[in-house]
Structure formats: C-alpha cells, structure tokens
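data_34.txt (compact mmCIF, C-alpha atoms and all ligand atoms) appears below.
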# COMPACT_ATOMS: atom_id res chain seq x y z
CA MET A 1 20.56 3.42 -9.69
CA ASN A 2 17.00 3.42 -10.95
CA ALA A 3 14.32 3.24 -8.31
CA THR A 4 12.30 0.05 -8.40
CA ALA A 5 8.94 0.85 -9.97
CA ILE A 6 6.33 0.87 -7.26
CA PRO A 7 2.85 0.15 -8.64
CA LYS A 8 0.69 3.23 -8.30
CA THR A 9 -2.37 3.16 -6.10
CA ARG A 10 -5.25 2.49 -8.45
CA VAL A 11 -8.56 4.30 -8.10
CA LEU A 12 -11.66 3.34 -10.06
CA VAL A 13 -14.07 6.21 -10.70
CA VAL A 14 -17.62 5.04 -11.39
CA GLU A 15 -19.48 8.09 -12.61
CA ASP A 16 -21.58 8.90 -15.68
CA GLU A 17 -21.16 12.68 -15.85
CA PRO A 18 -18.21 13.30 -18.21
CA ASP A 19 -17.25 16.69 -16.72
CA ILE A 20 -17.03 15.27 -13.22
CA VAL A 21 -15.12 12.20 -14.43
CA GLU A 22 -12.64 14.43 -16.23
CA LEU A 23 -12.15 16.66 -13.19
CA ILE A 24 -11.61 13.73 -10.83
CA LEU A 25 -9.24 11.89 -13.19
CA VAL A 26 -7.07 14.98 -13.62
CA HIS A 27 -6.78 15.48 -9.88
CA LEU A 28 -6.16 11.83 -9.13
CA ARG A 29 -3.40 11.58 -11.72
CA HIS A 30 -1.88 14.83 -10.56
CA ALA A 31 -1.81 13.39 -7.03
CA GLY A 32 0.11 10.35 -8.31
CA PHE A 33 -2.71 7.82 -8.49
CA ALA A 34 -3.45 5.55 -11.42
CA ALA A 35 -7.05 6.42 -12.27
CA VAL A 36 -9.56 4.61 -14.47
CA ALA A 37 -13.17 5.48 -15.13
CA ALA A 38 -16.34 3.52 -15.79
CA SER A 39 -19.71 5.09 -16.62
CA ASP A 40 -21.99 2.35 -15.32
CA GLY A 41 -22.10 -0.82 -13.24
CA VAL A 42 -21.30 -3.14 -16.13
CA ALA A 43 -18.22 -1.19 -17.17
CA ALA A 44 -17.15 -0.89 -13.53
CA GLN A 45 -17.42 -4.64 -13.01
CA ARG A 46 -15.34 -5.21 -16.13
CA GLU A 47 -12.58 -2.96 -14.73
CA ILE A 48 -12.69 -4.73 -11.36
CA ASP A 49 -12.53 -8.16 -12.98
CA ALA A 50 -9.45 -7.06 -14.95
CA ILE A 51 -7.52 -5.32 -12.14
CA LEU A 52 -8.69 -4.96 -8.56
CA PRO A 53 -8.53 -1.24 -7.65
CA ASP A 54 -7.20 0.04 -4.32
CA ALA A 55 -10.19 2.33 -3.88
CA ILE A 56 -13.49 3.05 -5.65
CA LEU A 57 -15.24 6.41 -6.06
CA LEU A 58 -18.82 5.48 -6.71
CA ASP A 59 -21.59 7.74 -7.94
CA TRP A 60 -24.98 7.05 -6.40
CA MET A 61 -27.15 7.79 -9.46
CA LEU A 62 -25.93 5.74 -12.41
CA PRO A 63 -27.54 4.80 -15.72
CA GLY A 64 -28.43 1.17 -16.29
CA GLY A 65 -30.14 -1.05 -13.79
CA GLN A 66 -27.71 -0.72 -10.89
CA SER A 67 -27.41 2.28 -8.59
CA GLY A 68 -24.25 3.07 -6.66
CA LEU A 69 -25.88 1.57 -3.59
CA ASP A 70 -26.61 -1.69 -5.44
CA LEU A 71 -23.00 -1.86 -6.58
CA ALA A 72 -21.62 -1.09 -3.13
CA ARG A 73 -23.73 -3.89 -1.62
CA LYS A 74 -22.67 -6.30 -4.34
CA TRP A 75 -18.94 -5.54 -3.91
CA ARG A 76 -19.16 -5.76 -0.14
CA ALA A 77 -20.70 -9.23 -0.44
CA ASN A 78 -17.93 -10.50 -2.73
CA PRO A 79 -14.73 -11.76 -1.02
CA ARG A 80 -12.54 -10.34 -3.79
CA THR A 81 -13.85 -6.78 -3.45
CA ARG A 82 -14.90 -6.81 0.21
CA GLU A 83 -11.84 -4.91 1.47
CA VAL A 84 -11.70 -2.26 -1.26
CA PRO A 85 -12.61 1.14 0.22
CA ILE A 86 -15.62 2.79 -1.41
CA ILE A 87 -16.40 6.50 -1.32
CA LEU A 88 -19.92 7.33 -2.47
CA LEU A 89 -20.41 10.46 -4.55
CA THR A 90 -23.80 12.00 -4.61
CA ALA A 91 -25.79 15.12 -5.28
CA ARG A 92 -28.11 14.16 -2.47
CA GLY A 93 -27.19 15.54 0.89
CA GLU A 94 -29.81 14.32 3.28
CA GLU A 95 -28.89 12.59 6.48
CA SER A 96 -31.02 9.56 5.59
CA ASP A 97 -29.17 9.23 2.28
CA LYS A 98 -25.87 9.38 4.06
CA ILE A 99 -26.93 6.63 6.42
CA ALA A 100 -28.20 4.50 3.52
CA GLY A 101 -24.89 5.02 1.74
CA LEU A 102 -22.81 3.96 4.70
CA ASP A 103 -25.15 1.04 5.47
CA SER A 104 -24.75 -0.27 1.96
CA GLY A 105 -21.01 -0.61 2.53
CA GLY A 106 -19.60 2.78 1.61
CA ASP A 107 -16.59 3.79 3.72
CA ASP A 108 -17.25 7.45 3.21
CA TYR A 109 -19.68 9.76 1.51
CA ILE A 110 -19.09 13.02 -0.30
CA THR A 111 -21.75 15.40 -1.57
CA LYS A 112 -21.54 17.17 -4.93
CA PRO A 113 -20.35 19.77 -5.54
CA PHE A 114 -17.13 18.92 -3.70
CA SER A 115 -13.70 20.46 -3.85
CA PRO A 116 -11.09 18.23 -5.50
CA ASN A 117 -8.79 18.80 -2.52
CA GLU A 118 -11.43 17.52 -0.15
CA LEU A 119 -11.98 14.47 -2.34
CA MET A 120 -8.23 13.71 -2.44
CA ALA A 121 -8.08 14.05 1.35
CA ARG A 122 -10.98 11.62 1.75
CA ILE A 123 -9.34 9.11 -0.58
CA ARG A 124 -6.09 9.26 1.35
CA ALA A 125 -8.01 8.85 4.59
CA VAL A 126 -9.84 5.68 3.50
CA LEU A 127 -6.61 4.24 2.11
CA ARG A 128 -4.83 4.93 5.40
CA ARG A 129 -7.60 3.26 7.37
CA ARG A 130 -7.37 0.19 5.18
CA ALA A 131 -3.57 0.13 5.02
CA PRO A 132 -2.92 -2.02 8.13
CA GLU A 133 -5.00 -4.85 6.71
CA GLN A 134 -3.40 -4.62 3.31
CA LEU A 135 0.10 -4.59 4.74
CA SER A 136 -0.51 -7.36 7.21
CA ASN A 137 0.77 -9.99 4.80
CA ALA A 138 4.12 -10.43 6.44
CA VAL A 139 7.41 -11.14 4.68
CA THR A 140 9.24 -14.33 5.61
CA ALA A 141 12.78 -15.59 5.04
CA GLY A 142 13.72 -18.92 6.56
CA ASP A 143 12.39 -18.81 10.13
CA LEU A 144 12.29 -15.01 10.18
CA THR A 145 8.98 -13.22 9.82
CA LEU A 146 8.62 -9.46 9.52
CA ASP A 147 5.30 -7.67 9.70
CA ALA A 148 5.66 -4.01 8.78
CA SER A 149 2.08 -3.15 9.75
CA VAL A 150 2.83 -3.85 13.41
CA MET A 151 6.61 -3.23 13.23
CA ARG A 152 7.33 -6.77 14.42
CA VAL A 153 10.07 -9.26 13.66
CA LEU A 154 9.85 -12.84 14.85
CA PHE A 155 12.50 -15.55 14.73
CA ARG A 156 11.02 -18.99 15.38
CA ASP A 157 8.01 -17.18 16.84
CA GLN A 158 10.15 -15.21 19.31
CA PRO A 159 9.97 -11.40 18.97
CA LEU A 160 13.23 -9.57 18.27
CA ASN A 161 14.06 -6.02 19.20
CA LEU A 162 15.21 -3.91 16.26
CA GLY A 163 15.79 -0.18 15.96
CA PRO A 164 13.88 1.64 13.21
CA THR A 165 16.81 1.77 10.78
CA GLU A 166 17.66 -1.91 11.32
CA PHE A 167 13.98 -2.70 10.83
CA ARG A 168 13.86 -0.91 7.46
CA LEU A 169 17.13 -2.47 6.40
CA LEU A 170 15.92 -5.96 7.26
CA HIS A 171 12.58 -5.32 5.57
CA TYR A 172 14.36 -4.37 2.36
CA LEU A 173 16.74 -7.35 2.49
CA MET A 174 13.86 -9.75 3.20
CA LYS A 175 11.86 -8.39 0.29
CA HIS A 176 14.85 -8.95 -1.98
CA PRO A 177 16.51 -12.13 -0.69
CA ASP A 178 19.51 -13.84 -2.29
CA ARG A 179 20.47 -10.74 -4.23
CA VAL A 180 23.71 -8.94 -3.46
CA HIS A 181 23.09 -5.30 -2.58
CA SER A 182 25.93 -2.80 -2.80
CA ARG A 183 26.29 -0.28 -0.02
CA ALA A 184 25.32 2.48 -2.45
CA ALA A 185 22.15 0.59 -3.41
CA LEU A 186 21.19 0.07 0.23
CA LEU A 187 21.77 3.75 0.95
CA ASP A 188 19.52 4.64 -1.95
CA LYS A 189 16.77 2.14 -1.15
CA VAL A 190 16.71 2.15 2.63
CA TRP A 191 17.84 5.68 3.49
CA GLY A 192 16.67 7.46 0.36
CA ASP A 193 18.76 9.92 -1.58
CA HIS A 194 18.14 12.92 0.63
CA VAL A 195 20.35 11.70 3.41
CA PHE A 196 24.05 12.42 3.24
CA ILE A 197 25.70 9.60 5.06
CA GLU A 198 28.83 7.65 4.30
CA GLU A 199 28.62 4.18 2.87
CA ARG A 200 30.58 2.93 5.87
CA THR A 201 27.58 3.80 8.01
CA ILE A 202 25.81 0.87 6.34
CA ASP A 203 28.40 -1.46 7.88
CA VAL A 204 27.54 -0.12 11.33
CA HIS A 205 23.84 -0.77 10.80
CA ILE A 206 24.48 -4.22 9.35
CA LYS A 207 26.52 -5.03 12.44
CA ARG A 208 23.69 -3.84 14.70
CA LEU A 209 21.16 -5.74 12.64
CA ARG A 210 23.14 -8.99 12.93
CA PHE A 211 23.46 -8.46 16.66
CA ALA A 212 19.73 -7.79 17.05
CA LEU A 213 18.90 -10.89 15.02
CA GLY A 214 20.96 -13.10 17.34
CA GLU A 215 21.35 -16.59 15.86
CA ALA A 216 19.55 -15.51 12.71
CA GLY A 217 22.23 -12.85 12.15
CA ILE A 218 24.26 -15.25 10.00
CA MET A 219 21.54 -14.99 7.35
CA ILE A 220 22.96 -11.55 6.57
CA GLU A 221 26.03 -12.41 4.52
CA THR A 222 28.91 -10.15 3.54
CA VAL A 223 29.89 -10.53 -0.08
CA ARG A 224 33.45 -9.28 -0.31
CA GLY A 225 33.95 -6.33 -2.58
CA ALA A 226 30.24 -6.30 -3.46
CA GLY A 227 28.00 -5.70 -0.48
CA TYR A 228 25.45 -7.64 1.52
CA ARG A 229 22.92 -10.37 0.91
CA LEU A 230 20.19 -12.05 2.91
CA ASN A 231 20.45 -15.82 2.54
CA PRO A 232 17.15 -17.34 3.65
CA LYS A 233 18.52 -20.88 3.30
CA GLN A 234 21.40 -20.37 5.72
CA GLU A 235 21.51 -23.24 8.22
CA ILE A 236 20.99 -21.97 11.74
CA CA B 301 -24.80 10.25 -11.94
So, in terms of structure tokens, how does the structure I just supplied come out?
Amino acid sequence: MNATAIPKTRVLVVEDEPDIVELILVHLRHAGFAAVAASDGVAAQREIDAILPDAILLDWMLPGGQSGLDLARKWRANPRTREVPIILLTARGEESDKIAGLDSGGDDYITKPFSPNELMARIRAVLRRRAPEQLSNAVTAGDLTLDASVMRVLFRDQPLNLGPTEFRLLHYLMKHPDRVHSRAALLDKVWGDHVFIEERTIDVHIKRLRFALGEAGIMIETVRGAGYRLNPKQEI
C-alpha cells in the first residue's frame, strides 16, 4: 500500500545573499521541508501569491525598496498572510533591533551567523506554536465533528469519550468517508507499519469505536469481505 502523499511543509526564504540562501535551502530540504527562495520583496510577494508558505524566513536587509521589517508589517496586515509564522534573519544583534523585529510582526529573530541546527529548531518551534490554529478546522461527517487540535469529538454538539486509538481511527475514517478501507490499510494508516498487531485487532477497535459513538456508531459500516467504511449519510 502506498502512503498517501502528505504535502510537505513549505518554507519561503527571503534572502539576497546567495551563500546563505544555498545553506538554508540545503538544510531545509534535508529536514524534509519544501523550500523556495526569493531575493527581494517583489519576488517574495510573487511566491506568496502563487502558494502560501507555512513559514517565512525573512532577511532584514534586502535590496529594493522594502526591508524585511516593511515586508513583515505588510504580511501581518494582510488576512491571507497574517497567520504565517515569520522568523527574521539579521546581522544586527542589538536589543533594540530585536524589539523592532518582533514589533513589526516577526515571531522570532535569529542573528547571523547562526547554526543551521539552531535555525531548524526555531522553525519547528514557530510551526508548533502555530499548529493548533492551523489544525482547528475540524472534520465533520453527518452530525459528527472531530477536532484533532483539542482531541474532541462531538455528536449533535454532545462530547463523546474516545480512547486515543479509537480517536485516530475515527479521524482517519472521517477524513476518508464513503471509501471502503481494508483491515490491512487501516493498520498501515492508523497504526503505522512499525506495529506488529493482527488484523483482527482492528475489529476490536472498531467495536469499541462504535460503542463510544453510541447512536452514531451505525455510521461505521462493515463491508463483508472488504473492510470498513464511514457512511456520513447514514440515517440516525
Ligand atoms: Ca541581506
């Protein structure tokens, strides 16, 4: 079974010094990020208009009319880019500069020269801080709502109590409704391939999941000889 392609976290690097750009891109890609670079504000805006990045590394001193601070202020003021974390890169290390950088809308600030490992750690940290907001768009199926950011499942606005495995199983089924999932596929997608458990174990968790869902449990359908399916249109 091929894993579903998960879009890579995209980082835009706005920096005009080619050596630094090269260094950062190599490390970002090695760490599994999709990385793109822009050498000034105009090029950066073009990238953002095409695909909204998940994070921006922004050099303070840029050629052209716009400094990193100008760009940070502009992106913070725009609803489309407001939530994108920005890390300012700068050769300046004074406290007043740091304050100006954070005031302009930067989420973090890193002074050149920096170690690539430190930069990667900072990127992960700003992404983690933003993650709850980004994940808060809940999944719904019929009258069921699941919000992974707060580990909550509601049926007709009433909270349900699910164990962690049942929660992950339901999350997967709700993200892929109507499709029939074989036990092997569920094992692969929900448990991952490092866990050695029997396919019959899935049946146990499905049973627990149905029980935990109460009335909504009938949305989880058994497809004989094939596996399981979540039917969001099931009459309850
Ligand atoms: Ca520069």
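The contact shell of ligand CA 301 (chain B), defined as all polymer residues within 6 Å when all atoms listed in the file are used, comprises Glu15, Asp16, Glu17, Asp59, Met61 and Leu62 of chain A.
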Restricted to C-alpha atoms, what would the selected residues look like written as a compact mmCIF listing (two decimals), keeping the file's coordinate frame?
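Now in again.txt:
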# COMPACT_ATOMS: atom_id res chain seq x y z
CA GLU A 15 -19.48 8.09 -12.61
CA ASP A 16 -21.58 8.90 -15.68
CA GLU A 17 -21.16 12.68 -15.85
CA ASP A 59 -21.59 7.74 -7.94
CA MET A 61 -27.15 7.79 -9.46
CA LEU A 62 -25.93 5.74 -12.41
Residues within 10 Å of range 201-213 of chain A, all atoms listed in the file, excluding chain neighbours under 5 positions, as a PyMOL selection string: chain A and resi 144+153-155+159-163+165-167+169-170+182-184+186-187+190-191+218-222+227-228
Min atom-atom distance to Ala31 in chain A from the set A:Gln45, A:Gln158, A:Gln66, A:Thr9, counting all atoms listed in the file, belongs to A:Thr9
Might you pull out every residue within 12 Å of Thr81 in chain A, with only C-alpha atoms counted and same-chain residues fewer than 2 positions away left off, and present them as a ChimeraX atom specification? /A:45,47-49,51-56,71-79,83-86,105
Separating CA of Val126 in chain A from CA of Asp107 in chain A, to the nearest tenth of an Å, is a gap of 7.0 Å
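If all atoms listed in the file are the atoms counted, then among A:Ser149, A:Leu57, A:Val26, A:Ser104 the closest residue to Arg128 in chain A is A:Ser149.
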Just the number, please: distance in Å from CA of Leu28 in chain A to CA of Gly41 in chain A, one decimal. 20.8 Å
Min atom-atom distance to Val36 in chain A from the set A:Thr111, A:Ala50, A:Ala100, A:Asp178, counting only C-alpha atoms, belongs to A:Ala50
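Ranking A:Ala44, A:Ala91, A:Met120, A:Ile99 by their shortest atom-to-atom distance to Val14 in chain A, with only C-alpha atoms included, puts A:Ala44 first.
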Could you name the residues that touch Pro177 in chain A at 10 Å or less, counting all atoms listed in the file, but leaving out those on the same chain fewer than 6 positions away, as a list in words? Thr140, Ala141, Met219, Ile220, Arg229, Leu230, Asn231, Pro232 and Lys233 of chain A
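If only C-alpha atoms are the atoms counted, then among A:Leu23, A:Ala216, A:Ala35, A:Leu12 the closest residue to Ile87 in chain A is A:Leu12.
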I need every residue sitting at most 9 Å from the point (9.4, -10.6, 5.6) (coordinates as in the file, all atoms listed in the file considered), written as a ChimeraX atom specification. /A:137-141,144-148,153,170-175
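Relative to CA of Phe33 in chain A, CA of Gly65 in chain A is found at 29.3 Å.
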So which one's closest to Arg156 in chain A, A:Leu119, A:Gly214, A:Ser67, A:Val11? Using only C-alpha atoms, please. A:Gly214
